[in-house]
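J.: mmCIF, N, CA and C atoms, saved as my_file-v2.cif, coming up:
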data_work
loop_
_atom_site.label_atom_id
_atom_site.label_comp_id
_atom_site.auth_asym_id
_atom_site.auth_seq_id
_atom_site.Cartn_x
_atom_site.Cartn_y
_atom_site.Cartn_z
N MET A 1 10.38 -75.86 -29.27
CA MET A 1 9.21 -76.26 -30.00
C MET A 1 7.97 -76.21 -29.11
N GLN A 2 8.13 -76.64 -27.86
CA GLN A 2 7.02 -76.62 -26.93
C GLN A 2 6.58 -75.18 -26.67
N LEU A 3 7.53 -74.29 -26.49
CA LEU A 3 7.21 -72.88 -26.27
C LEU A 3 6.50 -72.31 -27.48
N LEU A 4 6.95 -72.68 -28.68
CA LEU A 4 6.30 -72.20 -29.89
C LEU A 4 4.86 -72.66 -29.95
N ARG A 5 4.60 -73.94 -29.61
CA ARG A 5 3.24 -74.46 -29.59
C ARG A 5 2.37 -73.67 -28.61
N LEU A 6 2.92 -73.37 -27.43
CA LEU A 6 2.16 -72.63 -26.43
C LEU A 6 1.85 -71.22 -26.90
N LEU A 7 2.84 -70.58 -27.54
CA LEU A 7 2.61 -69.23 -28.05
C LEU A 7 1.59 -69.23 -29.18
N LEU A 8 1.61 -70.27 -30.02
CA LEU A 8 0.62 -70.36 -31.09
C LEU A 8 -0.78 -70.55 -30.52
N THR A 9 -0.90 -71.30 -29.44
CA THR A 9 -2.19 -71.48 -28.78
C THR A 9 -2.72 -70.14 -28.28
N LEU A 10 -1.84 -69.35 -27.66
CA LEU A 10 -2.25 -68.04 -27.19
C LEU A 10 -2.62 -67.12 -28.34
N ALA A 11 -1.87 -67.18 -29.43
CA ALA A 11 -2.17 -66.34 -30.59
C ALA A 11 -3.51 -66.70 -31.19
N ALA A 12 -3.81 -67.99 -31.27
CA ALA A 12 -5.10 -68.42 -31.81
C ALA A 12 -6.23 -67.93 -30.92
N ALA A 13 -6.02 -67.98 -29.62
CA ALA A 13 -7.05 -67.50 -28.70
C ALA A 13 -7.24 -66.00 -28.84
N ALA A 14 -6.15 -65.28 -29.04
CA ALA A 14 -6.25 -63.82 -29.21
C ALA A 14 -7.02 -63.50 -30.48
N ALA A 15 -6.77 -64.27 -31.53
CA ALA A 15 -7.48 -64.04 -32.78
C ALA A 15 -8.97 -64.32 -32.62
N ALA A 16 -9.31 -65.24 -31.74
CA ALA A 16 -10.72 -65.56 -31.50
C ALA A 16 -11.36 -64.61 -30.50
N GLY A 17 -10.56 -63.68 -29.95
CA GLY A 17 -11.08 -62.71 -29.00
C GLY A 17 -11.17 -63.24 -27.59
N LEU A 18 -10.39 -64.27 -27.25
CA LEU A 18 -10.46 -64.87 -25.93
C LEU A 18 -9.30 -64.49 -25.03
N ALA A 19 -8.26 -63.87 -25.56
CA ALA A 19 -7.08 -63.57 -24.76
C ALA A 19 -7.22 -62.20 -24.10
N GLY A 20 -6.26 -61.89 -23.23
CA GLY A 20 -6.22 -60.59 -22.58
C GLY A 20 -7.24 -60.49 -21.48
N SER A 21 -7.89 -59.32 -21.36
CA SER A 21 -8.82 -59.10 -20.26
C SER A 21 -10.08 -59.93 -20.42
N SER A 22 -10.49 -60.24 -21.64
CA SER A 22 -11.69 -61.04 -21.81
C SER A 22 -11.46 -62.49 -21.41
N CYS A 23 -10.19 -62.88 -21.31
CA CYS A 23 -9.87 -64.27 -20.95
C CYS A 23 -10.40 -64.61 -19.57
N ALA A 24 -10.27 -63.68 -18.62
CA ALA A 24 -10.71 -63.95 -17.26
C ALA A 24 -12.23 -63.98 -17.16
N ARG A 25 -12.93 -63.23 -18.03
CA ARG A 25 -14.39 -63.17 -17.94
C ARG A 25 -15.06 -64.26 -18.75
N SER A 26 -14.36 -64.82 -19.74
CA SER A 26 -14.99 -65.82 -20.60
C SER A 26 -15.16 -67.12 -19.85
N SER A 27 -16.18 -67.84 -20.24
CA SER A 27 -16.38 -69.15 -19.64
C SER A 27 -16.27 -70.19 -20.74
N GLY A 28 -16.14 -71.44 -20.35
CA GLY A 28 -16.07 -72.51 -21.33
C GLY A 28 -14.68 -73.09 -21.42
N THR A 29 -14.58 -74.12 -22.26
CA THR A 29 -13.32 -74.84 -22.37
C THR A 29 -12.25 -74.05 -23.09
N ALA A 30 -12.65 -73.18 -24.04
CA ALA A 30 -11.65 -72.41 -24.79
C ALA A 30 -10.88 -71.48 -23.87
N SER A 31 -11.58 -70.77 -22.98
CA SER A 31 -10.87 -69.84 -22.10
C SER A 31 -10.03 -70.59 -21.08
N ALA A 32 -10.48 -71.74 -20.62
CA ALA A 32 -9.70 -72.54 -19.68
C ALA A 32 -8.42 -73.04 -20.36
N LYS A 33 -8.55 -73.41 -21.62
CA LYS A 33 -7.38 -73.87 -22.38
C LYS A 33 -6.37 -72.74 -22.53
N VAL A 34 -6.86 -71.54 -22.80
CA VAL A 34 -5.98 -70.38 -22.96
C VAL A 34 -5.29 -70.07 -21.64
N ARG A 35 -6.03 -70.12 -20.52
CA ARG A 35 -5.42 -69.84 -19.22
C ARG A 35 -4.34 -70.87 -18.89
N ARG A 36 -4.60 -72.14 -19.19
CA ARG A 36 -3.58 -73.17 -18.95
C ARG A 36 -2.35 -72.95 -19.81
N ALA A 37 -2.56 -72.61 -21.10
CA ALA A 37 -1.44 -72.35 -22.00
C ALA A 37 -0.64 -71.14 -21.52
N HIS A 38 -1.34 -70.09 -21.09
CA HIS A 38 -0.66 -68.90 -20.58
C HIS A 38 0.16 -69.24 -19.35
N ALA A 39 -0.36 -70.06 -18.47
CA ALA A 39 0.37 -70.46 -17.26
C ALA A 39 1.61 -71.27 -17.62
N ARG A 40 1.50 -72.14 -18.64
CA ARG A 40 2.66 -72.95 -19.04
C ARG A 40 3.74 -72.07 -19.66
N VAL A 41 3.33 -71.09 -20.50
CA VAL A 41 4.31 -70.17 -21.08
C VAL A 41 5.01 -69.39 -19.99
N HIS A 42 4.25 -68.86 -19.04
CA HIS A 42 4.84 -68.10 -17.94
C HIS A 42 5.80 -68.97 -17.13
N ALA A 43 5.42 -70.20 -16.84
CA ALA A 43 6.29 -71.10 -16.08
C ALA A 43 7.56 -71.41 -16.87
N TYR A 44 7.42 -71.61 -18.18
CA TYR A 44 8.57 -71.92 -19.02
C TYR A 44 9.54 -70.75 -19.04
N LEU A 45 9.02 -69.54 -19.19
CA LEU A 45 9.88 -68.37 -19.28
C LEU A 45 10.54 -68.03 -17.95
N THR A 46 9.89 -68.33 -16.83
CA THR A 46 10.46 -67.96 -15.54
C THR A 46 11.45 -69.00 -15.03
N THR A 47 11.26 -70.27 -15.33
CA THR A 47 12.18 -71.28 -14.81
C THR A 47 13.42 -71.40 -15.67
N GLY A 48 13.34 -71.10 -16.97
CA GLY A 48 14.49 -71.17 -17.85
C GLY A 48 14.95 -72.59 -18.14
N GLU A 49 14.05 -73.54 -18.03
CA GLU A 49 14.43 -74.93 -18.30
C GLU A 49 14.60 -75.14 -19.79
N LEU A 50 15.54 -76.03 -20.11
CA LEU A 50 15.77 -76.38 -21.51
C LEU A 50 15.13 -77.72 -21.80
N ARG A 51 14.65 -77.86 -23.00
CA ARG A 51 14.16 -79.17 -23.43
C ARG A 51 15.35 -80.08 -23.63
N THR A 52 15.16 -81.35 -23.37
CA THR A 52 16.23 -82.32 -23.56
C THR A 52 16.68 -82.31 -25.02
N GLY A 53 17.99 -82.25 -25.21
CA GLY A 53 18.55 -82.24 -26.55
C GLY A 53 18.70 -80.85 -27.15
N SER A 54 18.44 -79.81 -26.38
CA SER A 54 18.54 -78.45 -26.92
C SER A 54 19.63 -77.66 -26.20
N CYS A 55 20.03 -76.56 -26.81
CA CYS A 55 21.07 -75.69 -26.26
C CYS A 55 20.65 -74.24 -26.39
N GLU A 56 21.24 -73.39 -25.56
CA GLU A 56 21.03 -71.95 -25.65
C GLU A 56 22.34 -71.24 -25.39
N VAL A 57 22.53 -70.09 -26.02
CA VAL A 57 23.71 -69.26 -25.82
C VAL A 57 23.46 -68.39 -24.59
N LEU A 58 24.36 -68.49 -23.59
CA LEU A 58 24.22 -67.68 -22.38
C LEU A 58 24.91 -66.34 -22.53
N THR A 59 26.15 -66.34 -22.99
CA THR A 59 26.89 -65.10 -23.17
C THR A 59 27.60 -65.11 -24.51
N LEU A 60 27.74 -63.94 -25.09
CA LEU A 60 28.50 -63.77 -26.33
C LEU A 60 29.22 -62.45 -26.22
N GLU A 61 30.54 -62.52 -26.11
CA GLU A 61 31.37 -61.32 -25.97
C GLU A 61 32.23 -61.17 -27.22
N ARG A 62 32.23 -59.98 -27.79
CA ARG A 62 33.05 -59.71 -28.98
C ARG A 62 34.10 -58.67 -28.63
N ASP A 63 35.32 -58.91 -29.12
CA ASP A 63 36.43 -57.99 -28.88
C ASP A 63 36.99 -57.60 -30.24
N GLY A 64 36.78 -56.36 -30.65
CA GLY A 64 37.25 -55.89 -31.95
C GLY A 64 38.49 -55.02 -31.84
N SER A 65 39.23 -55.13 -30.75
CA SER A 65 40.39 -54.26 -30.53
C SER A 65 41.60 -54.65 -31.37
N HIS A 66 41.61 -55.86 -31.92
CA HIS A 66 42.74 -56.30 -32.74
C HIS A 66 42.47 -55.93 -34.20
N PRO A 67 43.45 -55.31 -34.88
CA PRO A 67 43.24 -54.96 -36.29
C PRO A 67 43.15 -56.22 -37.15
N ARG A 68 42.21 -56.22 -38.08
CA ARG A 68 41.99 -57.33 -39.03
C ARG A 68 41.70 -58.65 -38.33
N ARG A 69 41.24 -58.56 -37.09
CA ARG A 69 40.96 -59.80 -36.35
C ARG A 69 39.81 -59.53 -35.38
N SER A 70 38.90 -60.45 -35.29
CA SER A 70 37.78 -60.33 -34.36
C SER A 70 37.81 -61.52 -33.41
N VAL A 71 37.76 -61.25 -32.12
CA VAL A 71 37.79 -62.32 -31.13
C VAL A 71 36.42 -62.37 -30.46
N ALA A 72 35.84 -63.55 -30.41
CA ALA A 72 34.53 -63.72 -29.77
C ALA A 72 34.61 -64.89 -28.79
N ARG A 73 33.96 -64.69 -27.65
CA ARG A 73 33.86 -65.77 -26.66
C ARG A 73 32.39 -66.04 -26.42
N GLN A 74 32.04 -67.32 -26.50
CA GLN A 74 30.64 -67.70 -26.35
C GLN A 74 30.51 -68.78 -25.29
N THR A 75 29.51 -68.64 -24.44
CA THR A 75 29.20 -69.66 -23.44
C THR A 75 27.81 -70.17 -23.73
N ALA A 76 27.66 -71.49 -23.81
CA ALA A 76 26.36 -72.09 -24.10
C ALA A 76 26.00 -73.08 -23.00
N ARG A 77 24.71 -73.32 -22.86
CA ARG A 77 24.19 -74.30 -21.91
C ARG A 77 23.38 -75.30 -22.71
N CYS A 78 23.64 -76.58 -22.48
CA CYS A 78 22.94 -77.63 -23.22
C CYS A 78 22.35 -78.65 -22.25
N ALA A 79 21.22 -79.20 -22.63
CA ALA A 79 20.58 -80.28 -21.87
C ALA A 79 20.61 -81.51 -22.77
N CYS A 80 21.72 -82.24 -22.70
CA CYS A 80 21.93 -83.36 -23.61
C CYS A 80 21.51 -84.68 -22.96
N VAL A 81 21.10 -85.62 -23.79
CA VAL A 81 20.76 -86.96 -23.33
C VAL A 81 22.05 -87.72 -23.05
N PRO A 82 22.00 -88.80 -22.27
CA PRO A 82 23.22 -89.58 -22.02
C PRO A 82 23.87 -90.05 -23.33
N GLY A 83 25.18 -89.95 -23.39
CA GLY A 83 25.92 -90.32 -24.59
C GLY A 83 26.18 -89.16 -25.52
N ARG A 84 25.66 -88.00 -25.17
CA ARG A 84 25.88 -86.80 -25.97
C ARG A 84 26.42 -85.69 -25.08
N MET A 85 27.16 -84.76 -25.70
CA MET A 85 27.77 -83.64 -24.97
C MET A 85 27.55 -82.36 -25.76
N ALA A 86 27.81 -81.24 -25.09
CA ALA A 86 27.70 -79.94 -25.76
C ALA A 86 28.77 -79.83 -26.83
N GLY A 87 28.39 -79.38 -27.99
CA GLY A 87 29.31 -79.20 -29.10
C GLY A 87 28.78 -78.12 -30.03
N THR A 88 29.21 -78.16 -31.28
CA THR A 88 28.80 -77.17 -32.26
C THR A 88 28.45 -77.86 -33.56
N THR A 89 27.30 -77.51 -34.12
CA THR A 89 26.90 -78.03 -35.43
C THR A 89 26.45 -76.86 -36.28
N ARG A 90 27.06 -76.71 -37.45
CA ARG A 90 26.76 -75.61 -38.38
C ARG A 90 26.80 -74.25 -37.70
N GLY A 91 27.81 -74.05 -36.88
CA GLY A 91 28.03 -72.76 -36.24
C GLY A 91 27.13 -72.45 -35.06
N ARG A 92 26.35 -73.41 -34.59
CA ARG A 92 25.44 -73.19 -33.47
C ARG A 92 25.68 -74.25 -32.40
N PRO A 93 25.45 -73.91 -31.12
CA PRO A 93 25.59 -74.92 -30.07
C PRO A 93 24.60 -76.06 -30.29
N ALA A 94 25.06 -77.28 -30.03
CA ALA A 94 24.21 -78.45 -30.23
C ALA A 94 24.74 -79.60 -29.38
N CYS A 95 23.91 -80.60 -29.17
CA CYS A 95 24.33 -81.83 -28.49
C CYS A 95 24.90 -82.77 -29.56
N VAL A 96 26.14 -83.19 -29.37
CA VAL A 96 26.80 -84.07 -30.33
C VAL A 96 27.23 -85.34 -29.62
N HIS A 97 27.58 -86.35 -30.38
CA HIS A 97 28.01 -87.62 -29.81
C HIS A 97 29.24 -87.40 -28.93
N ALA A 98 29.23 -87.96 -27.74
CA ALA A 98 30.30 -87.73 -26.77
C ALA A 98 31.66 -88.20 -27.29
N GLY A 99 31.68 -89.24 -28.09
CA GLY A 99 32.94 -89.75 -28.63
C GLY A 99 33.69 -88.73 -29.47
N ILE A 100 32.95 -87.86 -30.15
CA ILE A 100 33.58 -86.82 -30.97
C ILE A 100 34.35 -85.85 -30.09
N VAL A 101 33.73 -85.43 -29.01
CA VAL A 101 34.37 -84.45 -28.13
C VAL A 101 35.53 -85.09 -27.37
N LEU A 102 35.32 -86.30 -26.85
CA LEU A 102 36.37 -86.96 -26.08
C LEU A 102 37.60 -87.29 -26.92
N SER A 103 37.39 -87.64 -28.19
CA SER A 103 38.52 -87.96 -29.07
C SER A 103 39.06 -86.73 -29.79
N ARG A 104 38.40 -85.58 -29.60
CA ARG A 104 38.79 -84.31 -30.22
C ARG A 104 38.81 -84.38 -31.75
N GLN A 105 37.92 -85.15 -32.33
CA GLN A 105 37.75 -85.21 -33.78
C GLN A 105 36.69 -84.18 -34.15
N TRP A 106 37.04 -82.90 -34.00
CA TRP A 106 36.09 -81.80 -34.07
C TRP A 106 35.30 -81.74 -35.36
N CYS A 107 35.91 -82.00 -36.49
CA CYS A 107 35.22 -81.86 -37.77
C CYS A 107 34.13 -82.91 -37.97
N GLU A 108 34.14 -83.96 -37.16
CA GLU A 108 33.11 -85.00 -37.25
C GLU A 108 31.73 -84.47 -36.82
N MET A 109 31.69 -83.40 -36.02
CA MET A 109 30.41 -82.87 -35.58
C MET A 109 29.86 -81.79 -36.53
N SER A 110 30.50 -81.60 -37.67
CA SER A 110 30.10 -80.61 -38.68
C SER A 110 29.94 -79.21 -38.08
N PRO A 111 31.03 -78.65 -37.52
CA PRO A 111 30.91 -77.36 -36.84
C PRO A 111 30.81 -76.17 -37.79
N CYS A 112 31.21 -76.33 -39.03
CA CYS A 112 31.22 -75.22 -39.97
C CYS A 112 29.91 -75.15 -40.75
N LEU A 113 29.68 -73.99 -41.36
CA LEU A 113 28.51 -73.83 -42.21
C LEU A 113 28.65 -74.67 -43.47
N ASP A 114 27.57 -74.83 -44.22
CA ASP A 114 27.57 -75.72 -45.38
C ASP A 114 28.61 -75.36 -46.43
N ASP A 115 28.87 -74.06 -46.64
CA ASP A 115 29.80 -73.65 -47.69
C ASP A 115 31.24 -73.50 -47.19
N GLU A 116 31.51 -73.90 -45.96
CA GLU A 116 32.85 -73.76 -45.38
C GLU A 116 33.53 -75.12 -45.27
N GLY A 117 34.85 -75.09 -45.32
CA GLY A 117 35.63 -76.31 -45.14
C GLY A 117 36.18 -76.38 -43.73
N CYS A 118 36.15 -77.56 -43.12
CA CYS A 118 36.60 -77.73 -41.74
C CYS A 118 37.98 -78.38 -41.71
N GLN A 119 38.83 -77.88 -40.80
CA GLN A 119 40.14 -78.49 -40.59
C GLN A 119 40.46 -78.40 -39.10
N ALA A 120 40.80 -79.55 -38.50
CA ALA A 120 41.15 -79.57 -37.08
C ALA A 120 42.51 -78.91 -36.88
N LEU A 121 42.66 -78.20 -35.76
CA LEU A 121 43.95 -77.59 -35.44
C LEU A 121 44.96 -78.68 -35.10
N VAL A 122 46.23 -78.42 -35.38
CA VAL A 122 47.29 -79.42 -35.21
C VAL A 122 47.36 -79.91 -33.76
N ASP A 123 47.21 -79.01 -32.80
CA ASP A 123 47.33 -79.41 -31.39
C ASP A 123 46.04 -80.01 -30.83
N GLY A 124 44.98 -80.11 -31.64
CA GLY A 124 43.73 -80.72 -31.21
C GLY A 124 42.88 -79.83 -30.33
N SER A 125 43.22 -78.55 -30.21
CA SER A 125 42.50 -77.66 -29.31
C SER A 125 41.25 -77.04 -29.93
N GLY A 126 40.98 -77.30 -31.20
CA GLY A 126 39.82 -76.73 -31.87
C GLY A 126 39.83 -77.00 -33.35
N TRP A 127 39.20 -76.11 -34.12
CA TRP A 127 39.08 -76.29 -35.56
C TRP A 127 39.03 -74.94 -36.26
N SER A 128 39.24 -74.98 -37.58
CA SER A 128 39.15 -73.79 -38.42
C SER A 128 38.12 -74.03 -39.51
N CYS A 129 37.34 -73.00 -39.79
CA CYS A 129 36.36 -73.05 -40.87
C CYS A 129 36.80 -72.05 -41.93
N ALA A 130 37.09 -72.54 -43.14
CA ALA A 130 37.55 -71.68 -44.23
C ALA A 130 36.38 -71.38 -45.15
N GLN A 131 36.10 -70.08 -45.33
CA GLN A 131 35.03 -69.66 -46.21
C GLN A 131 35.56 -69.53 -47.63
N PRO A 132 34.68 -69.61 -48.64
CA PRO A 132 35.12 -69.54 -50.03
C PRO A 132 35.91 -68.27 -50.36
N GLY A 133 35.63 -67.14 -49.71
CA GLY A 133 36.33 -65.88 -50.00
C GLY A 133 37.71 -65.80 -49.38
N GLY A 134 38.13 -66.80 -48.62
CA GLY A 134 39.45 -66.80 -48.01
C GLY A 134 39.43 -66.46 -46.53
N ARG A 135 38.33 -66.02 -46.00
CA ARG A 135 38.25 -65.70 -44.57
C ARG A 135 38.26 -67.01 -43.76
N VAL A 136 38.97 -67.01 -42.65
CA VAL A 136 39.10 -68.21 -41.81
C VAL A 136 38.61 -67.89 -40.41
N LYS A 137 37.71 -68.75 -39.90
CA LYS A 137 37.24 -68.63 -38.52
C LYS A 137 37.86 -69.78 -37.72
N THR A 138 38.59 -69.45 -36.68
CA THR A 138 39.24 -70.46 -35.86
C THR A 138 38.52 -70.53 -34.51
N THR A 139 38.19 -71.73 -34.08
CA THR A 139 37.51 -71.94 -32.80
C THR A 139 38.37 -72.82 -31.92
N THR A 140 38.59 -72.38 -30.69
CA THR A 140 39.33 -73.20 -29.73
C THR A 140 38.37 -73.55 -28.60
N VAL A 141 38.56 -74.74 -28.04
CA VAL A 141 37.68 -75.25 -26.99
C VAL A 141 38.39 -75.10 -25.66
N SER A 142 37.68 -74.59 -24.67
CA SER A 142 38.28 -74.47 -23.33
C SER A 142 37.37 -75.09 -22.30
#
As structure tokens, how would this structure be written, given the file I've shared?
T.:
Amino acid sequence: MQLLRLLLTLAAAAAAGLAGSSCARSSGTASAKVRRAHARVHAYLTTGELRTGSCEVLTLERDGSHPRRSVARQTARCACVPGRMAGTTRGRPACVHAGIVLSRQWCEMSPCLDDEGCQALVDGSGWSCAQPGGRVKTTTVS
């Protein structure tokens, strides 16, 4: 959200004709504001810091070598507040209550999409999401 705000500030400045090469030549508070916003965007993009409570997907590998079966491995990075851990909500990485992960009550974190049904695997290693058409997505935690 912070990055979006910074990008919107730069876009507004560009629309006003203050961004780009004219940014360095312009004087006044508007051009200084644009330069500060540009510096914050650049710092955000180069450091790769996450906002507290957010997650990002680092790697996503798909293996389609199995007939009628698709295997995907995903690695995510989360910056969770104390009491929360990396998990999955509606098919996306998210910070969830730590008790859900520790007790392996996977369906409590709503890992499936809205139209899918969730069922925990018998051995507690993950969950399955059943789509209305009969397709089943199984997720295991490692």
J.: Starting from the PyMOL selection byres ((chain A and resi 101-106) around 8), expand the selection into actual residues of this file and give them as a VMD selection string.
T.: chain A and resid 85 to 87 96 to 100 107 to 112 118 to 121 124 to 127
J.: Could you write those residues out with N, CA and C atoms, as a tab-separated table (two decimals), in the frame of the given file?
T.:
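Below is the file that was written, result-v3.tsv:
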chain	number	residue	atom	x	y	z
A	85	MET	N	27.16	-84.76	-25.70
A	85	MET	CA	27.77	-83.64	-24.97
A	85	MET	C	27.55	-82.36	-25.76
A	86	ALA	N	27.81	-81.24	-25.09
A	86	ALA	CA	27.70	-79.94	-25.76
A	86	ALA	C	28.77	-79.83	-26.83
A	87	GLY	N	28.39	-79.38	-27.99
A	87	GLY	CA	29.31	-79.20	-29.10
A	87	GLY	C	28.78	-78.12	-30.03
A	96	VAL	N	26.14	-83.19	-29.37
A	96	VAL	CA	26.80	-84.07	-30.33
A	96	VAL	C	27.23	-85.34	-29.62
A	97	HIS	N	27.58	-86.35	-30.38
A	97	HIS	CA	28.01	-87.62	-29.81
A	97	HIS	C	29.24	-87.40	-28.93
A	98	ALA	N	29.23	-87.96	-27.74
A	98	ALA	CA	30.30	-87.73	-26.77
A	98	ALA	C	31.66	-88.20	-27.29
A	99	GLY	N	31.68	-89.24	-28.09
A	99	GLY	CA	32.94	-89.75	-28.63
A	99	GLY	C	33.69	-88.73	-29.47
A	100	ILE	N	32.95	-87.86	-30.15
A	100	ILE	CA	33.58	-86.82	-30.97
A	100	ILE	C	34.35	-85.85	-30.09
A	107	CYS	N	35.91	-82.00	-36.49
A	107	CYS	CA	35.22	-81.86	-37.77
A	107	CYS	C	34.13	-82.91	-37.97
A	108	GLU	N	34.14	-83.96	-37.16
A	108	GLU	CA	33.11	-85.00	-37.25
A	108	GLU	C	31.73	-84.47	-36.82
A	109	MET	N	31.69	-83.40	-36.02
A	109	MET	CA	30.41	-82.87	-35.58
A	109	MET	C	29.86	-81.79	-36.53
A	110	SER	N	30.50	-81.60	-37.67
A	110	SER	CA	30.10	-80.61	-38.68
A	110	SER	C	29.94	-79.21	-38.08
A	111	PRO	N	31.03	-78.65	-37.52
A	111	PRO	CA	30.91	-77.36	-36.84
A	111	PRO	C	30.81	-76.17	-37.79
A	112	CYS	N	31.21	-76.33	-39.03
A	112	CYS	CA	31.22	-75.22	-39.97
A	112	CYS	C	29.91	-75.15	-40.75
A	118	CYS	N	36.15	-77.56	-43.12
A	118	CYS	CA	36.60	-77.73	-41.74
A	118	CYS	C	37.98	-78.38	-41.71
A	119	GLN	N	38.83	-77.88	-40.80
A	119	GLN	CA	40.14	-78.49	-40.59
A	119	GLN	C	40.46	-78.40	-39.10
A	120	ALA	N	40.80	-79.55	-38.50
A	120	ALA	CA	41.15	-79.57	-37.08
A	120	ALA	C	42.51	-78.91	-36.88
A	121	LEU	N	42.66	-78.20	-35.76
A	121	LEU	CA	43.95	-77.59	-35.44
A	121	LEU	C	44.96	-78.68	-35.10
A	124	GLY	N	44.98	-80.11	-31.64
A	124	GLY	CA	43.73	-80.72	-31.21
A	124	GLY	C	42.88	-79.83	-30.33
A	125	SER	N	43.22	-78.55	-30.21
A	125	SER	CA	42.50	-77.66	-29.31
A	125	SER	C	41.25	-77.04	-29.93
A	126	GLY	N	40.98	-77.30	-31.20
A	126	GLY	CA	39.82	-76.73	-31.87
A	126	GLY	C	39.83	-77.00	-33.35
A	127	TRP	N	39.20	-76.11	-34.12
A	127	TRP	CA	39.08	-76.29	-35.56
A	127	TRP	C	39.03	-74.94	-36.26
J.: Show me the residues close to (32.2, -64.4, -29.9) - anything with an atom within 7 Å, counting only C-alpha atoms - and format the list as number ranges by chain.
T.: A: 60-62, 71-74
J.: How far is it from CA of Ala94 in chain A to CA of Cys78 in chain A, in Å with one decimal?
T.: 7.2 Å
J.: Go ahead and compute the interatomic distance for CA of Thr138 in chain A and atom N of Pro82 in chain A, in Å to one decimal.
T.: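 Between these atoms lies a distance of 28.6 Å.
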J.: Could you work out how far CA of Asp123 in chain A lies from CA of Ala79 in chain A, giving the answer in Å with one decimal?
T.: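 About the pair CA of Ala79 in chain A and CA of Asp123 in chain A: they are 28.4 Å apart.
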J.: A:Leu50, A:Ser142, A:Cys129, A:Thr59: which is nearest Thr75 in chain A, counting all atoms listed in the file?
T.: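 Counting all atoms listed in the file, the residue closest to Thr75 in chain A is A:Thr59.
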J.: Find, counting only N, CA and C atoms, the residue in A:Val81, A:Gln131, A:Ala76, A:Ser70 that gets nearest to Thr52 in chain A.
T.: A:Val81
J.: Restricting the calculation to all atoms listed in the file: of A:Cys80, A:Val122, A:Val141, A:Val57, which residue gets closest to Cys95 in chain A?
T.: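 Comparing A:Cys80, A:Val122, A:Val141, A:Val57 against Cys95 in chain A, the winner is A:Cys80.
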J.: As a PyMOL selection string, please: all residues of range 51-141 of chain A that backbone DSSP puts in strand (DSSP E or B).
T.: chain A and resi 54-63+71-79+84-89+92-97+117-120+126-130+136-140
